[in-house]
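J.: My structure is stored as work.csv, with CSV, C-alpha atoms.
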chain,number,residue,atom,x,y,z
A,1,MET,CA,18.1,21.7,-4.4
A,2,ALA,CA,14.5,22.9,-4.1
A,3,GLN,CA,14.0,22.5,-7.8
A,4,ALA,CA,15.3,18.9,-7.7
A,5,VAL,CA,12.9,18.1,-4.8
A,6,GLU,CA,10.0,19.7,-6.7
A,7,GLU,CA,10.9,17.7,-9.9
A,8,TRP,CA,11.1,14.5,-7.8
A,9,TYR,CA,7.7,15.2,-6.3
A,10,LYS,CA,6.0,16.0,-9.6
A,11,GLN,CA,7.3,12.7,-11.1
A,12,MET,CA,5.6,10.6,-8.5
A,13,PRO,CA,2.5,8.7,-9.7
A,14,VAL,CA,-0.8,10.0,-8.5
A,15,ILE,CA,-1.6,7.6,-5.7
A,16,THR,CA,1.9,7.7,-4.1
A,17,ARG,CA,2.0,11.5,-4.4
A,18,SER,CA,-1.5,11.9,-2.9
A,19,TYR,CA,-0.9,9.5,0.0
A,20,LEU,CA,2.6,11.0,0.8
A,21,THR,CA,1.2,14.5,0.8
A,22,ALA,CA,-1.7,13.7,3.0
A,23,ALA,CA,0.6,11.9,5.5
A,24,VAL,CA,3.1,14.7,5.7
A,25,VAL,CA,0.5,17.4,5.9
A,26,THR,CA,-1.5,15.5,8.6
A,27,THR,CA,1.7,14.8,10.7
A,28,ILE,CA,3.0,18.3,10.4
A,29,GLY,CA,-0.5,19.6,11.4
A,30,CYS,CA,-0.5,17.5,14.5
A,31,THR,CA,3.1,18.5,15.4
A,32,LEU,CA,2.1,22.2,15.2
A,33,ASP,CA,-1.1,21.6,17.2
A,34,ILE,CA,-3.2,22.6,14.2
A,35,ILE,CA,-4.8,19.2,14.1
A,36,SER,CA,-5.5,17.1,17.2
A,37,PRO,CA,-4.4,13.5,17.0
A,38,HIS,CA,-7.4,12.7,19.3
A,39,SER,CA,-9.7,13.4,16.4
A,40,LEU,CA,-7.8,11.0,14.1
A,41,TYR,CA,-7.2,7.8,15.9
A,42,LEU,CA,-9.2,4.6,15.4
A,43,HIS,CA,-11.7,3.9,18.2
A,44,PRO,CA,-14.6,1.5,17.6
A,45,ARG,CA,-17.0,3.2,19.9
A,46,LEU,CA,-16.5,6.6,18.4
A,47,VAL,CA,-16.8,5.2,14.9
A,48,PHE,CA,-19.9,3.1,15.3
A,49,LYS,CA,-21.8,4.7,18.2
A,50,HIS,CA,-20.9,8.4,17.5
A,51,TYR,CA,-20.7,8.0,13.7
A,52,GLN,CA,-17.2,9.5,13.4
A,53,PHE,CA,-16.5,7.5,10.3
A,54,TRP,CA,-13.6,9.7,9.2
A,55,ARG,CA,-11.5,7.9,11.7
A,56,LEU,CA,-11.5,4.9,9.5
A,57,ILE,CA,-9.4,7.0,7.1
A,58,THR,CA,-7.5,9.5,9.2
A,59,ASN,CA,-5.8,6.8,11.3
A,60,PHE,CA,-3.9,5.8,8.2
A,61,LEU,CA,-2.5,9.4,7.7
A,62,PHE,CA,-0.8,10.1,11.0
A,63,PHE,CA,2.7,8.8,11.5
A,64,ARG,CA,3.3,10.0,15.1
A,65,ASN,CA,6.1,12.5,15.9
A,66,MET,CA,8.3,14.0,13.3
A,67,ASP,CA,11.5,12.2,14.3
A,68,LEU,CA,13.8,9.6,12.8
A,69,ASP,CA,11.1,7.0,12.8
A,70,PHE,CA,8.8,9.4,10.8
A,71,LEU,CA,11.6,9.9,8.2
A,72,PHE,CA,12.2,6.2,8.1
A,73,HIS,CA,8.5,5.4,7.3
A,74,MET,CA,8.3,8.3,4.8
A,75,PHE,CA,11.2,6.9,2.9
A,76,PHE,CA,9.6,3.4,2.8
A,77,LEU,CA,6.2,5.0,1.8
A,78,ALA,CA,7.8,7.1,-1.0
A,79,ARG,CA,10.0,4.2,-2.2
A,80,TYR,CA,7.9,1.1,-2.2
A,81,CYS,CA,4.5,2.7,-2.9
A,82,LYS,CA,6.2,4.4,-5.9
A,83,LEU,CA,7.8,1.2,-7.1
A,84,LEU,CA,4.6,-0.8,-6.9
A,85,GLU,CA,2.6,1.9,-8.7
A,86,GLU,CA,5.2,2.4,-11.4
A,87,ASN,CA,5.9,-1.2,-12.1
A,88,SER,CA,3.5,-3.9,-10.9
A,89,PHE,CA,0.5,-1.5,-11.3
A,90,ARG,CA,1.7,0.6,-14.2
A,91,GLY,CA,-1.3,1.8,-16.2
A,92,ARG,CA,-3.6,0.2,-13.5
A,93,THR,CA,-4.1,3.1,-11.0
A,94,ALA,CA,-7.6,1.8,-10.1
A,95,ASP,CA,-6.1,-1.7,-9.2
A,96,PHE,CA,-3.5,-0.1,-7.0
A,97,PHE,CA,-6.0,2.1,-5.2
A,98,TYR,CA,-8.1,-1.1,-4.7
A,99,MET,CA,-5.1,-2.8,-3.2
A,100,LEU,CA,-4.6,-0.1,-0.6
A,101,LEU,CA,-8.4,-0.1,0.1
A,102,PHE,CA,-8.3,-3.9,0.6
A,103,GLY,CA,-5.3,-3.6,2.9
A,104,ALA,CA,-6.8,-0.8,4.9
A,105,THR,CA,-10.0,-2.9,5.3
A,106,VAL,CA,-8.2,-6.0,6.4
A,107,LEU,CA,-6.1,-4.1,8.9
A,108,THR,CA,-9.1,-2.3,10.4
A,109,GLY,CA,-11.0,-5.6,10.6
A,110,VAL,CA,-8.2,-7.5,12.3
A,111,VAL,CA,-7.8,-4.7,14.9
A,112,LEU,CA,-11.5,-4.5,15.6
A,113,LEU,CA,-11.9,-8.3,15.9
A,114,GLY,CA,-8.7,-8.6,17.9
A,115,GLY,CA,-10.0,-6.2,20.4
A,116,MET,CA,-12.8,-8.7,21.1
A,117,ILE,CA,-10.6,-11.7,21.8
A,118,PRO,CA,-9.6,-12.3,25.5
A,119,TYR,CA,-5.9,-12.0,26.3
A,120,LEU,CA,-5.3,-10.2,23.0
A,121,SER,CA,-7.7,-7.3,23.4
A,122,ALA,CA,-5.2,-5.3,25.5
A,123,SER,CA,-2.5,-5.5,22.8
A,124,PHE,CA,-4.9,-4.5,20.0
A,125,ALA,CA,-6.4,-1.7,22.1
A,126,LYS,CA,-3.0,0.0,21.9
A,127,ILE,CA,-3.0,0.0,18.1
A,128,ILE,CA,-4.9,3.2,17.3
A,129,PHE,CA,-3.0,4.3,14.2
A,130,LEU,CA,-2.5,1.9,11.3
A,131,SER,CA,-0.4,4.1,9.0
A,132,ASN,CA,2.8,2.1,9.7
A,133,SER,CA,1.0,-1.2,9.1
A,134,LEU,CA,-0.3,-0.1,5.7
A,135,THR,CA,3.2,1.0,4.7
A,136,PHE,CA,4.6,-2.3,5.8
A,137,MET,CA,1.9,-4.1,3.7
A,138,MET,CA,3.2,-2.3,0.6
A,139,VAL,CA,6.8,-3.4,1.5
A,140,TYR,CA,5.6,-7.0,1.9
A,141,VAL,CA,3.7,-7.1,-1.5
A,142,TRP,CA,6.7,-5.5,-3.3
A,143,SER,CA,9.1,-8.1,-1.7
A,144,LYS,CA,6.8,-11.0,-2.9
A,145,ARG,CA,6.7,-9.7,-6.4
A,146,ASN,CA,10.4,-9.0,-6.6
A,147,PRO,CA,11.9,-11.8,-4.5
A,148,PHE,CA,15.3,-12.1,-6.1
A,149,ILE,CA,16.5,-8.5,-5.9
A,150,HIS,CA,19.7,-8.2,-3.8
A,151,MET,CA,19.5,-5.7,-1.0
A,152,SER,CA,21.7,-4.5,1.8
A,153,PHE,CA,20.7,-3.5,5.3
A,154,LEU,CA,22.7,-0.5,6.6
A,155,GLY,CA,25.7,-2.0,4.8
A,156,LEU,CA,25.9,-4.7,7.4
A,157,PHE,CA,24.7,-7.7,5.4
A,158,THR,CA,23.1,-8.5,2.1
A,159,PHE,CA,19.9,-10.5,1.4
A,160,THR,CA,17.3,-11.0,-1.2
A,161,ALA,CA,14.1,-8.9,-1.2
A,162,SER,CA,12.0,-11.9,-0.2
A,163,TYR,CA,13.5,-11.5,3.3
A,164,LEU,CA,13.0,-7.8,3.6
A,165,PRO,CA,9.8,-7.8,5.7
A,166,TRP,CA,11.5,-10.2,8.2
A,167,VAL,CA,14.6,-8.1,8.4
A,168,LEU,CA,12.6,-5.0,9.1
A,169,LEU,CA,10.5,-6.9,11.6
A,170,GLY,CA,13.7,-7.9,13.4
A,171,PHE,CA,15.0,-4.3,13.3
A,172,SER,CA,11.7,-3.1,14.9
A,173,VAL,CA,12.0,-5.6,17.7
A,174,LEU,CA,15.7,-4.6,18.3
A,175,VAL,CA,14.8,-0.9,18.6
A,176,GLY,CA,11.9,-1.6,21.0
A,177,ALA,CA,9.0,-0.9,18.6
A,178,SER,CA,5.8,-3.0,18.7
A,179,ALA,CA,6.1,-6.1,16.6
A,180,TRP,CA,2.3,-6.2,16.2
A,181,VAL,CA,2.3,-3.2,13.9
A,182,ASP,CA,4.6,-4.9,11.4
A,183,LEU,CA,2.9,-8.2,11.8
A,184,LEU,CA,-0.4,-6.7,10.9
A,185,GLY,CA,1.1,-5.3,7.8
A,186,MET,CA,2.5,-8.7,6.9
A,187,ILE,CA,-0.9,-10.3,7.4
A,188,ALA,CA,-2.7,-7.8,5.2
A,189,GLY,CA,0.1,-8.0,2.6
A,190,HIS,CA,0.0,-11.8,2.5
A,191,ALA,CA,-3.8,-11.9,2.2
A,192,TYR,CA,-3.6,-9.6,-0.8
A,193,TYR,CA,-0.7,-11.6,-2.4
A,194,PHE,CA,-2.4,-14.9,-1.9
A,195,LEU,CA,-5.8,-13.7,-3.3
A,196,GLU,CA,-4.4,-11.7,-6.2
A,197,ASP,CA,-1.3,-13.7,-7.2
A,198,VAL,CA,-1.5,-17.3,-5.9
A,199,TYR,CA,-5.2,-18.1,-5.8
A,200,PRO,CA,-5.9,-17.1,-9.4
A,201,ARG,CA,-3.1,-19.4,-10.6
A,202,MET,CA,-4.6,-22.3,-8.6
A,203,THR,CA,-8.2,-21.9,-9.6
A,204,GLY,CA,-8.3,-19.5,-12.6
A,205,ARG,CA,-10.6,-17.2,-10.6
A,206,ARG,CA,-9.7,-13.7,-9.4
A,207,PRO,CA,-11.6,-12.8,-6.2
A,208,LEU,CA,-10.0,-9.3,-5.9
A,209,ARG,CA,-11.1,-8.0,-9.3
A,210,THR,CA,-11.4,-4.2,-9.0
A,211,PRO,CA,-15.1,-3.1,-9.0
A,212,SER,CA,-16.2,-1.0,-12.0
A,213,PHE,CA,-17.2,2.0,-9.8
A,214,ILE,CA,-13.6,2.3,-8.6
A,215,ARG,CA,-12.3,1.9,-12.2
A,216,ALA,CA,-14.6,4.8,-13.2
A,217,LEU,CA,-12.7,7.1,-10.8
A,218,PHE,CA,-9.4,6.7,-12.6
A,219,ALA,CA,-8.3,7.2,-16.1
A,220,ASP,CA,-5.7,4.5,-16.8
A,221,GLU,CA,-2.7,5.2,-18.9
A,222,ALA,CA,-3.3,4.7,-22.6
A,223,VAL,CA,-0.9,2.6,-24.6
A,224,VAL,CA,-0.1,4.3,-27.9
A,225,PHE,CA,1.3,2.5,-30.9
A,226,VAL,CA,2.9,4.6,-33.5
A,227,ARG,CA,2.7,3.1,-37.1
A,228,PRO,CA,5.4,4.1,-39.6
A,229,GLU,CA,4.2,6.2,-42.5
A,230,ASN,CA,5.1,3.5,-45.1
A,231,ALA,CA,3.6,0.6,-43.2
A,232,ARG,CA,0.7,-1.3,-44.7
A,233,PHE,CA,-1.7,-3.7,-43.0
A,234,ALA,CA,-1.6,-7.2,-44.4
A,235,ALA,CA,-4.8,-8.7,-45.7
A,236,PRO,CA,-6.4,-11.3,-43.4
A,237,PRO,CA,-5.9,-15.0,-44.2
A,238,VAL,CA,-8.3,-16.4,-46.8
A,239,GLU,CA,-9.7,-19.0,-44.3
A,240,ASP,CA,-10.7,-16.2,-41.9
A,241,LEU,CA,-12.8,-14.5,-44.6
A,242,HIS,CA,-14.9,-17.7,-45.0
A,243,GLN,CA,-15.6,-18.2,-41.3
A,244,ASP,CA,-19.1,-17.6,-40.1
Using C-alpha cells, write down the structure from this file.
T.:
Amino acid sequence: MAQAVEEWYKQMPVITRSYLTAAVVTTIGCTLDIISPHSLYLHPRLVFKHYQFWRLITNFLFFRNMDLDFLFHMFFLARYCKLLEENSFRGRTADFFYMLLFGATVLTGVVLLGGMIPYLSASFAKIIFLSNSLTFMMVYVWSKRNPFIHMSFLGLFTFTASYLPWVLLGFSVLVGASAWVDLLGMIAGHAYYFLEDVYPRMTGRRPLRTPSFIRALFADEAVVFVRPENARFAAPPVEDLHQD
C-alpha cells in the first residue's frame, strides 16, 4: 500500500506535486501547532503596511482543519490540477504555472477591492484564506476545456463536466459553506478561460502569453522523434531550390 502511494506521488507532474506537498505540509503544521495560521492569512494592512508579503502566498497553502472538507479539497486539488497539467498543459509547465499565478493574482485583487466596497466589505473581510478558491478555479478551467465528459455526483445523478462547478457550488450551499469562496474561484477561472481560450479566437491576440522570465524557470518536455534506420529524407521540390 505504501509503495503504491509513493509511486502515485512520484508520477505526479511537478507543479501538482509541489502544490499538493506544500498544502499538506502547511495544514499538518498548523494542526500540530508547529505553524500558526495567524502568520499565514491574508490581511491587507499586514501586507502593505507591515511588509509581510509572504501572506500573499501562504494564504493559498492552508486548507483549514484536517477533516472531511480537507480531504475533499485535497482530492480535487490532486485530481484536477493533475489533469490540467498532464493534458491541457502537457509539455507547457511554465504556462500552467502562469495560469496559477494569474488566478492567485485575480483572487487576491478581488478580495482586496471587495473589502473597500460598502455593504460587501464585511463579507470579503471574512475571506482570509484563498486556497479553496484557487482549487475551485482549476476545477472551473478543466470543466470548460472538457465540457462533454459525463460525470456522476455521489452516484445520485449524472451530468456533463460543463455543469461541475455549479453542482459543487450547490453542494457547498447545502452543507452550509460560504458560497463566496466558490464564486471567487469561478470568477478567476472564467477570467482565465475568456482571456486564454475565447478572446484569442475572437481577435487573434493572446493577452496572457507567458512572460519569458517565467519560461526560463522551467524546462519544458522535449518531443523526440525517432527516425527508422533505413529512412531517407526526400529531396526538396525543385521550385523551392530556385526561390530567393
J.: Could you tell me which of A:Ser172, A:Leu84, A:His43, A:Lys49 comes closest to A:Leu112 if we count only C-alpha atoms?
T.: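 For A:Leu112, the nearest of the given residues is A:His43.
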J.: Can you tell me, as a ChimeraX atom specification, what residues are no more than 8 Å from stretch 129-143 of chain A when counting all atoms listed in the file, ignoring any on the same chain fewer than 2 positions away?
T.: /A:41-42,59-63,73,76-77,80-81,83-84,100,103-104,107-108,127,145-147,161-165,181-190,192-193
J.: Could you pull the residues within 12 Å of stretch 11-18 of chain A, counting all atoms listed in the file, minus those fewer than 2 positions along the same chain, as a PDB file with C-alpha atoms, in the coordinates of the input?
T.:
ATOM      1  CA  ALA A   4      15.300  18.900  -7.700  1.00  0.00           C
ATOM      2  CA  VAL A   5      12.900  18.100  -4.800  1.00  0.00           C
ATOM      3  CA  GLU A   6      10.000  19.700  -6.700  1.00  0.00           C
ATOM      4  CA  GLU A   7      10.900  17.700  -9.900  1.00  0.00           C
ATOM      5  CA  TRP A   8      11.100  14.500  -7.800  1.00  0.00           C
ATOM      6  CA  TYR A   9       7.700  15.200  -6.300  1.00  0.00           C
ATOM      7  CA  LEU A  20       2.600  11.000   0.800  1.00  0.00           C
ATOM      8  CA  THR A  21       1.200  14.500   0.800  1.00  0.00           C
ATOM      9  CA  ALA A  22      -1.700  13.700   3.000  1.00  0.00           C
ATOM     10  CA  ALA A  23       0.600  11.900   5.500  1.00  0.00           C
ATOM     11  CA  VAL A  24       3.100  14.700   5.700  1.00  0.00           C
ATOM     12  CA  VAL A  25       0.500  17.400   5.900  1.00  0.00           C
ATOM     13  CA  LEU A  61      -2.500   9.400   7.700  1.00  0.00           C
ATOM     14  CA  MET A  74       8.300   8.300   4.800  1.00  0.00           C
ATOM     15  CA  PHE A  75      11.200   6.900   2.900  1.00  0.00           C
ATOM     16  CA  PHE A  76       9.600   3.400   2.800  1.00  0.00           C
ATOM     17  CA  LEU A  77       6.200   5.000   1.800  1.00  0.00           C
ATOM     18  CA  ALA A  78       7.800   7.100  -1.000  1.00  0.00           C
ATOM     19  CA  ARG A  79      10.000   4.200  -2.200  1.00  0.00           C
ATOM     20  CA  TYR A  80       7.900   1.100  -2.200  1.00  0.00           C
ATOM     21  CA  CYS A  81       4.500   2.700  -2.900  1.00  0.00           C
ATOM     22  CA  LYS A  82       6.200   4.400  -5.900  1.00  0.00           C
ATOM     23  CA  LEU A  83       7.800   1.200  -7.100  1.00  0.00           C
ATOM     24  CA  LEU A  84       4.600  -0.800  -6.900  1.00  0.00           C
ATOM     25  CA  GLU A  85       2.600   1.900  -8.700  1.00  0.00           C
ATOM     26  CA  GLU A  86       5.200   2.400 -11.400  1.00  0.00           C
ATOM     27  CA  ASN A  87       5.900  -1.200 -12.100  1.00  0.00           C
ATOM     28  CA  PHE A  89       0.500  -1.500 -11.300  1.00  0.00           C
ATOM     29  CA  ARG A  90       1.700   0.600 -14.200  1.00  0.00           C
ATOM     30  CA  GLY A  91      -1.300   1.800 -16.200  1.00  0.00           C
ATOM     31  CA  ARG A  92      -3.600   0.200 -13.500  1.00  0.00           C
ATOM     32  CA  THR A  93      -4.100   3.100 -11.000  1.00  0.00           C
ATOM     33  CA  ALA A  94      -7.600   1.800 -10.100  1.00  0.00           C
ATOM     34  CA  ASP A  95      -6.100  -1.700  -9.200  1.00  0.00           C
ATOM     35  CA  PHE A  96      -3.500  -0.100  -7.000  1.00  0.00           C
ATOM     36  CA  PHE A  97      -6.000   2.100  -5.200  1.00  0.00           C
ATOM     37  CA  TYR A  98      -8.100  -1.100  -4.700  1.00  0.00           C
ATOM     38  CA  MET A  99      -5.100  -2.800  -3.200  1.00  0.00           C
ATOM     39  CA  LEU A 100      -4.600  -0.100  -0.600  1.00  0.00           C
ATOM     40  CA  LEU A 101      -8.400  -0.100   0.100  1.00  0.00           C
ATOM     41  CA  THR A 135       3.200   1.000   4.700  1.00  0.00           C
ATOM     42  CA  MET A 138       3.200  -2.300   0.600  1.00  0.00           C
ATOM     43  CA  PHE A 218      -9.400   6.700 -12.600  1.00  0.00           C
ATOM     44  CA  ALA A 219      -8.300   7.200 -16.100  1.00  0.00           C
ATOM     45  CA  ASP A 220      -5.700   4.500 -16.800  1.00  0.00           C
ATOM     46  CA  GLU A 221      -2.700   5.200 -18.900  1.00  0.00           C
TER      47      GLU A 221
END
